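Below: one structure, written as structure tokens.
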Amino acid sequence: MRSNVGGEEDQSNPRNADARAQAEESDGQGRRILINLPQGQKYKSNEISTAKYNLFTFIPKFLFEQFRRYANIFFLCIGLLQQIPGVSPTGKYVTIVPLFVILTITAVKEMVEDIKRHKADSKVNHTKVKVLTSAGDWIHKKWMEVCVGDILNIENSSFFPADLILLASSEPQGMCYIETANLDGETNLKIRSGLVCTSELTDPKNLARLTGQVEAEQPNRSLYEFAGNIVLSGEQAVPVSATQLLLRGARLRNTNWVHGLVVYTGHESKLLMNSTKAPLKRSTVDIVTNYQIIFLFVILVCLSLISAIGNLVKGNNGEDHEFYIKADSNLNNGFGWQFITFFILYNNLIPISLQVTLEIVKFIQAYYMNWDEAMHYIDPEMGVDSYALARTSNLNEELGQIKYVFSDKTGTLTRNVMEYKKCSVAGVMYDPEREFGKQLGHKDLVDNLKQGTNSPEMISDFLTLLTVCHTVIPEQGEDGVTRYNAASPDEKALVEGAEKYDYRFVARRPESVTIKTCTGKMETYQVLNVIEFTSTRKRMSIVVKTPSGEIKLYIKGADSVILERLGQNREQREHYDTTLNHLEEFAKCGLRTLCLGVATIPLAQYEEWNRRWVVASTAINNREEQIDEVATSLETNLTLIGATAIEDKLQEQVPETIEKLLEANIHVWMLTGDKQETAINIAKSCRLHRDNSDLFIINSRSPEEAREEIQEQLKELKKDGLVGKSNDITLVTDGKSLNYTLLPDMRKDFIDLCTSCRAVVCCRVSPIQKADMVELVKEHTGAITLSIGDGANDVAMIQKAAVGVGISGNEGLQAANSADFAIAQFRFLSRLLFVHGAWNYSRISKVILYSFYKNITLYIIELWFAIYNYWSGQVIYERWTIGMYNLFFTSAPPVALGLFDRTCTAATREEYPSLYHSTQKSEFFNHREFWKWIANSIVHSVLLFWLPQMAMYFGVSWESGQTDGYLVLGNTVYTLVVVTTCLKAGIEMDAWTWFSHGSIWGSIALWFLFLVIYSHIWPSAKFVASNMAGMSEILLSSPVFWFCLLLVPTVTLLADVAFRAIKTTVFTTETDKIRIAEVMNKEVAVYVEGGRRPISETSRLLRNVRKRFRKNKQRQEEQATMEMDVRHGYAFSQEEAGAVSQGEYIRRYDTTRPRIPQVPQMAPKVPPRKPKVHEV
């Protein structure tokens, strides 16, 4: 009978007792999960959502988002005021109906975009997984149906749908490999191991009979910690740790299957607890527009006050105005009511059409990105066919103003594929792709070995080391091909590299390894000891007994630790200098290097050393220190063999893309969970860190040390005024140091130091730390930031940045679902920013400024007209034409500006990233530009009203006896405004297309067509103004009208044309020069001024910083060693302090014994009853 922890067991009904005990503990410090029994409480569903809205929150969230825009609040107030009888001079529905239409269109757009997120979530939630029934069968269930307490069967290459406790696996003693790149960015596989009490439960029938409970801590966001117990019936509690925990988002690798018990589901899983809710982002342009609307609102209030005061003065000056203004029976004629009347009259100074135009333009701009064939990625081998995807159109213009890019490493910059490339053995480089020097290929090394030339004994040791000194497990596939399972991708690459020389790793037994040489001979090496790799030791050694009976130590690691352990004999150090040169050559190519050595150990020495090794390995106190001391005593007097070079394959064109980003004055920061050496190596290979760049490394062990490092380095930078400038420095720090540098009292100094560097690399950082770094930059610089990543561990920083970009195109990449934009490859980022981003920003800027311009030009004329109508609130224009102005007659030009205007071609913008500087600095949309356009519109309104008014000052008459009136003047002015504003759009256009011509000339023609039709539909249609009848004949037959039509727009726009001409020819910008060159089909390159900004010469200064900073000898040595490793390209990935030690791990396997993978039983498609194990 199962023991009942925390309560007395009810023998008559144990399940009720379990449930009661579980309920009693539900309010405690942890949770109690029953195994193969119904749970006594309900836990969170495993269904996830990354969408912004759901059915119930859409309306409140949408309205909140829309009414964060002051324009919408303003128009709502105007619409409500217009409902007051006798107050509105423009009608009741001219504002409220367009506002409703705008909100409806925007709501539809938001729904369409959010439905895409729901579909992506649904795809994840409906993924199938095998769940154990109480009958011992496996049934398929959706991820969203998985519950706490379920036992799952996860197959190779599958993702874990929830946080699981590992029970058993297809591997010996319940081991399994997992890939956590989506969680922490680390490329190496990790080993997890089940408990002894459950590792033998491989049969589902036995698993279904398992009873007991799991005591687990409450859900938390710590990815690397877990504490719990498993209590099986009738047995003592067994502790469970992170060693047995399989996290959602991780993937099973190189293991046929595992069985796991669900402990955390859905948003309580550690992965999603490290994520944040989808934020409601707003673009910087939108925020600035909000402030500009406040300015216009203040102007509107001032104009209304002036007009109301004018009305009050005119009404109380003792004159009789009855002959001009009929007495109004409406009582709403006080000062306040007059203020409201004028407030409504002038309300269109703030253009309601702007929101509609922006929504249309942004929506289509998003599809431009979605349809761009240049960002279409096809990979037939991986089955990928992916276009770019704009998941929101609200941030299109932000792409043109990016100042900081935060990038993940694994899967974003790299492919997470290691490939052996070349080597140096006995001072000879074997590199089939070498451009300079003697070129020798892999075949040449084998020939030298067979022919006995170029140190054959050392070549033999080299190949033996590759195939013996590792923790790789060979596995024979059904097709007869040997596949290698490895926790370290570097070791796997080395073993696969040995195959290039016909050396093959064949079998592993607990005490030996078997290899096949290039001659076909099988050799077995007895494994005596394994001295594990750690980031402190930076090396791994293995002691073997060779087939000839010799005892040898093979060692690989960083050159800084291998070279200092070489013997003093000439033969041991013969190739020292040559190997160093080769290491530097490898490092310049961005390759990961390892140095190799060997030592022959006399039997007596080994036996004496092994006794000390056993004592150290079983020590109770200071075990790690004793092991390291004993290991170091053997790893001496080495003979240098040579070095290897492995390529951590980058995504296509990553170095070129990063160079372009840097040339565009964009700071690139790499935030990764991977190791420091690996991160620096990738920074070099992708040209983020250059050989001539200075390297600042902050690895602090305390807050005091962190403060000292930062302040010392800042002090030297401040002396020469280099703080905040793009100096040729790469700053490297780790997650532990960030715990100190992000403290409130250090944040300011730390960000000052970071922003003074050309590049920043943060390694071993958690998802939350990534988000904190993004937020730190946003807070202290105010710059527009972009985060790009591919994994679930990047979601937090993607959502925190102003713009989030996810890498799609590969399976299981959750970041794309939470991002604002998704692209298939990192290289597409340059086109997304330099082409679409720059175009979108320029276009949106012109749309907003032009919309303000055209509305102020038309409606400020009401103020000039008020001077002549005794401030009565009379409208100069006919009511319906006012409504048609933004709807028809001036709606097309801003759309043309927003969709087709551009300064340079896409190819030119991609080739010359310096063109990005102008949009990055927000030169086209700021308060200065805003007031320039406002002043321009006021000047134009003065000319457009006063010139025709003076032309008609003495009156105009017709042969029919008809005379002019306020509507004749009003329609003349209206015509001039339409013509002038449309031509103004043409002046501002940098590229003319057929749509541009159609929008300008078509809008003007549409007004004349409307005027003709509208003048002839009364009295047939009673809803139109009766005094508009015959208006077209009156205007078109007047010489004054035609005179004004030719003169006024010409005079009005003359200054604009002159300004544009002078600006383009005298004060020519780089963009203007290139645009002119493109039009004239000239070579563009000669007009490019930019390129990368000159880097300040700070090498001497920074060397002094390094010399003065390291105040104690130990830190000096650490820094020197680290810089040497970076210079020579050292990098090696291996799990440290894992679930199973490297020595124990390899001794668990005997690959010569046949292994029959368990095939899980599947339940019938229609199970006879619903399994109780899934009841809640």
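Letters A, B, ... go to the chains of the structure tokens in the order shown; residues in each chain start at 1; ligands are counted from 1 in the same order.
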
Exercise for review: Find the residues near Gly873 in chain A: any atom within 10 Å, counting only C-alpha atoms, skip ones fewer than 2 places away on the same chain, and give them as a ChimeraX atom specification.
Suggested key: /A:87-89,307-308,311,338-339,341-346,862-863,865-866,869-871,875-876

Practice item. List every residue of range 417-567 of chain A that DSSP, applied to the backbone of this structure, assigns to alpha helix (DSSP H), and report them as a PyMOL selection string. Key: chain A and resi 442-451+456-468+489-498+559-562

Written file, previous selection with N, CA, C and O atoms, as a compact mmCIF listing (two decimals), in the first residue's frame:
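Writing the result to out.txt gives the following:
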# COMPACT_ATOMS: atom_id res chain seq x y z
N HIS A 442 43.42 16.40 -46.85
CA HIS A 442 43.27 15.31 -45.89
C HIS A 442 43.94 14.03 -46.41
O HIS A 442 44.50 13.26 -45.62
N LYS A 443 43.91 13.83 -47.70
CA LYS A 443 44.52 12.63 -48.27
C LYS A 443 46.04 12.64 -48.07
O LYS A 443 46.66 11.59 -47.87
N ASP A 444 46.62 13.85 -48.09
CA ASP A 444 48.07 13.96 -47.91
C ASP A 444 48.48 13.50 -46.51
O ASP A 444 49.54 12.90 -46.34
N LEU A 445 47.65 13.76 -45.51
CA LEU A 445 47.99 13.31 -44.16
C LEU A 445 48.02 11.78 -44.10
O LEU A 445 48.93 11.18 -43.50
N VAL A 446 47.03 11.15 -44.72
CA VAL A 446 46.98 9.68 -44.73
C VAL A 446 48.18 9.13 -45.49
O VAL A 446 48.82 8.14 -45.06
N ASP A 447 48.51 9.77 -46.62
CA ASP A 447 49.67 9.31 -47.40
C ASP A 447 50.96 9.43 -46.59
O ASP A 447 51.82 8.53 -46.63
N ASN A 448 51.12 10.54 -45.85
CA ASN A 448 52.31 10.70 -45.01
C ASN A 448 52.40 9.61 -43.95
O ASN A 448 53.48 9.10 -43.63
N LEU A 449 51.24 9.24 -43.38
CA LEU A 449 51.23 8.18 -42.37
C LEU A 449 51.64 6.84 -42.98
O LEU A 449 52.48 6.11 -42.42
N LYS A 450 51.10 6.52 -44.15
CA LYS A 450 51.38 5.23 -44.78
C LYS A 450 52.82 5.17 -45.30
O LYS A 450 53.45 4.11 -45.26
N GLN A 451 53.30 6.33 -45.78
CA GLN A 451 54.64 6.35 -46.37
C GLN A 451 55.73 6.61 -45.34
O GLN A 451 56.92 6.55 -45.66
N PRO A 456 55.38 10.37 -38.94
CA PRO A 456 54.25 9.41 -38.95
C PRO A 456 53.79 9.02 -37.55
O PRO A 456 52.59 8.79 -37.34
N GLU A 457 54.71 8.92 -36.59
CA GLU A 457 54.30 8.55 -35.24
C GLU A 457 53.38 9.60 -34.62
O GLU A 457 52.39 9.28 -33.95
N MET A 458 53.71 10.87 -34.90
CA MET A 458 52.88 11.94 -34.37
C MET A 458 51.53 11.97 -35.08
O MET A 458 50.49 12.26 -34.47
N ILE A 459 51.52 11.68 -36.39
CA ILE A 459 50.25 11.61 -37.13
C ILE A 459 49.39 10.49 -36.55
O ILE A 459 48.17 10.64 -36.37
N SER A 460 50.01 9.36 -36.22
CA SER A 460 49.28 8.25 -35.64
C SER A 460 48.69 8.63 -34.29
O SER A 460 47.52 8.32 -34.00
N ASP A 461 49.48 9.33 -33.46
CA ASP A 461 48.96 9.79 -32.17
C ASP A 461 47.81 10.79 -32.36
O ASP A 461 46.84 10.79 -31.61
N PHE A 462 47.95 11.63 -33.37
CA PHE A 462 46.90 12.61 -33.66
C PHE A 462 45.58 11.91 -33.98
O PHE A 462 44.52 12.23 -33.41
N LEU A 463 45.63 10.95 -34.88
CA LEU A 463 44.40 10.26 -35.29
C LEU A 463 43.85 9.40 -34.15
O LEU A 463 42.63 9.27 -34.00
N THR A 464 44.75 8.80 -33.37
CA THR A 464 44.30 8.03 -32.21
C THR A 464 43.60 8.92 -31.20
O THR A 464 42.56 8.56 -30.63
N LEU A 465 44.17 10.09 -30.97
CA LEU A 465 43.55 11.02 -30.02
C LEU A 465 42.14 11.41 -30.48
O LEU A 465 41.21 11.45 -29.68
N LEU A 466 41.98 11.69 -31.77
CA LEU A 466 40.67 12.08 -32.28
C LEU A 466 39.62 11.00 -32.04
O LEU A 466 38.45 11.29 -31.77
N THR A 467 40.03 9.74 -32.15
CA THR A 467 39.07 8.63 -32.07
C THR A 467 38.97 8.02 -30.68
O THR A 467 38.07 7.20 -30.45
N VAL A 468 39.84 8.41 -29.76
CA VAL A 468 39.84 7.79 -28.43
C VAL A 468 39.50 8.79 -27.32
O VAL A 468 38.75 8.46 -26.39
N PRO A 489 29.14 18.94 -29.22
CA PRO A 489 29.18 18.99 -30.68
C PRO A 489 30.61 19.06 -31.21
O PRO A 489 30.88 18.61 -32.32
N ASP A 490 31.53 19.62 -30.41
CA ASP A 490 32.93 19.67 -30.84
C ASP A 490 33.53 18.26 -30.91
O ASP A 490 34.23 17.92 -31.87
N GLU A 491 33.25 17.45 -29.90
CA GLU A 491 33.78 16.09 -29.91
C GLU A 491 33.19 15.27 -31.05
O GLU A 491 33.90 14.50 -31.70
N LYS A 492 31.93 15.47 -31.31
CA LYS A 492 31.30 14.76 -32.43
C LYS A 492 31.96 15.17 -33.74
O LYS A 492 32.24 14.33 -34.61
N ALA A 493 32.25 16.46 -33.89
CA ALA A 493 32.90 16.94 -35.12
C ALA A 493 34.30 16.36 -35.26
O ALA A 493 34.73 16.02 -36.38
N LEU A 494 35.02 16.22 -34.16
CA LEU A 494 36.37 15.65 -34.22
C LEU A 494 36.33 14.18 -34.62
O LEU A 494 37.15 13.71 -35.42
N VAL A 495 35.40 13.41 -34.05
CA VAL A 495 35.28 12.00 -34.41
C VAL A 495 34.88 11.85 -35.87
O VAL A 495 35.42 11.00 -36.60
N GLU A 496 33.95 12.71 -36.32
CA GLU A 496 33.57 12.68 -37.73
C GLU A 496 34.72 13.15 -38.61
O GLU A 496 34.89 12.67 -39.73
N GLY A 497 35.54 14.09 -38.08
CA GLY A 497 36.70 14.55 -38.84
C GLY A 497 37.73 13.44 -39.02
O GLY A 497 38.40 13.37 -40.07
N ALA A 498 37.86 12.56 -38.03
CA ALA A 498 38.81 11.45 -38.15
C ALA A 498 38.44 10.54 -39.31
O ALA A 498 39.31 9.90 -39.92
N ASP A 559 45.02 26.27 -26.01
CA ASP A 559 46.47 26.37 -26.20
C ASP A 559 47.15 26.96 -24.97
O ASP A 559 48.28 26.64 -24.65
N SER A 560 46.42 27.84 -24.26
CA SER A 560 47.03 28.48 -23.09
C SER A 560 47.35 27.48 -22.00
O SER A 560 48.29 27.70 -21.22
N VAL A 561 46.60 26.37 -21.89
CA VAL A 561 46.87 25.39 -20.84
C VAL A 561 47.70 24.22 -21.36
O VAL A 561 48.42 23.58 -20.59
N ILE A 562 47.61 23.92 -22.63
CA ILE A 562 48.39 22.80 -23.19
C ILE A 562 49.85 23.20 -23.36
O ILE A 562 50.77 22.47 -22.96

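Distance-wise, CA of Arg612 in chain A and CA of Ser633 in chain A end up 10.3 Å apart.
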
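Remark: for Leu55 in chain A, the closest of the candidate residues A:Asp114, A:Gly567, A:His259, A:Ala815 is A:Asp114 (distances computed over only C-alpha atoms).
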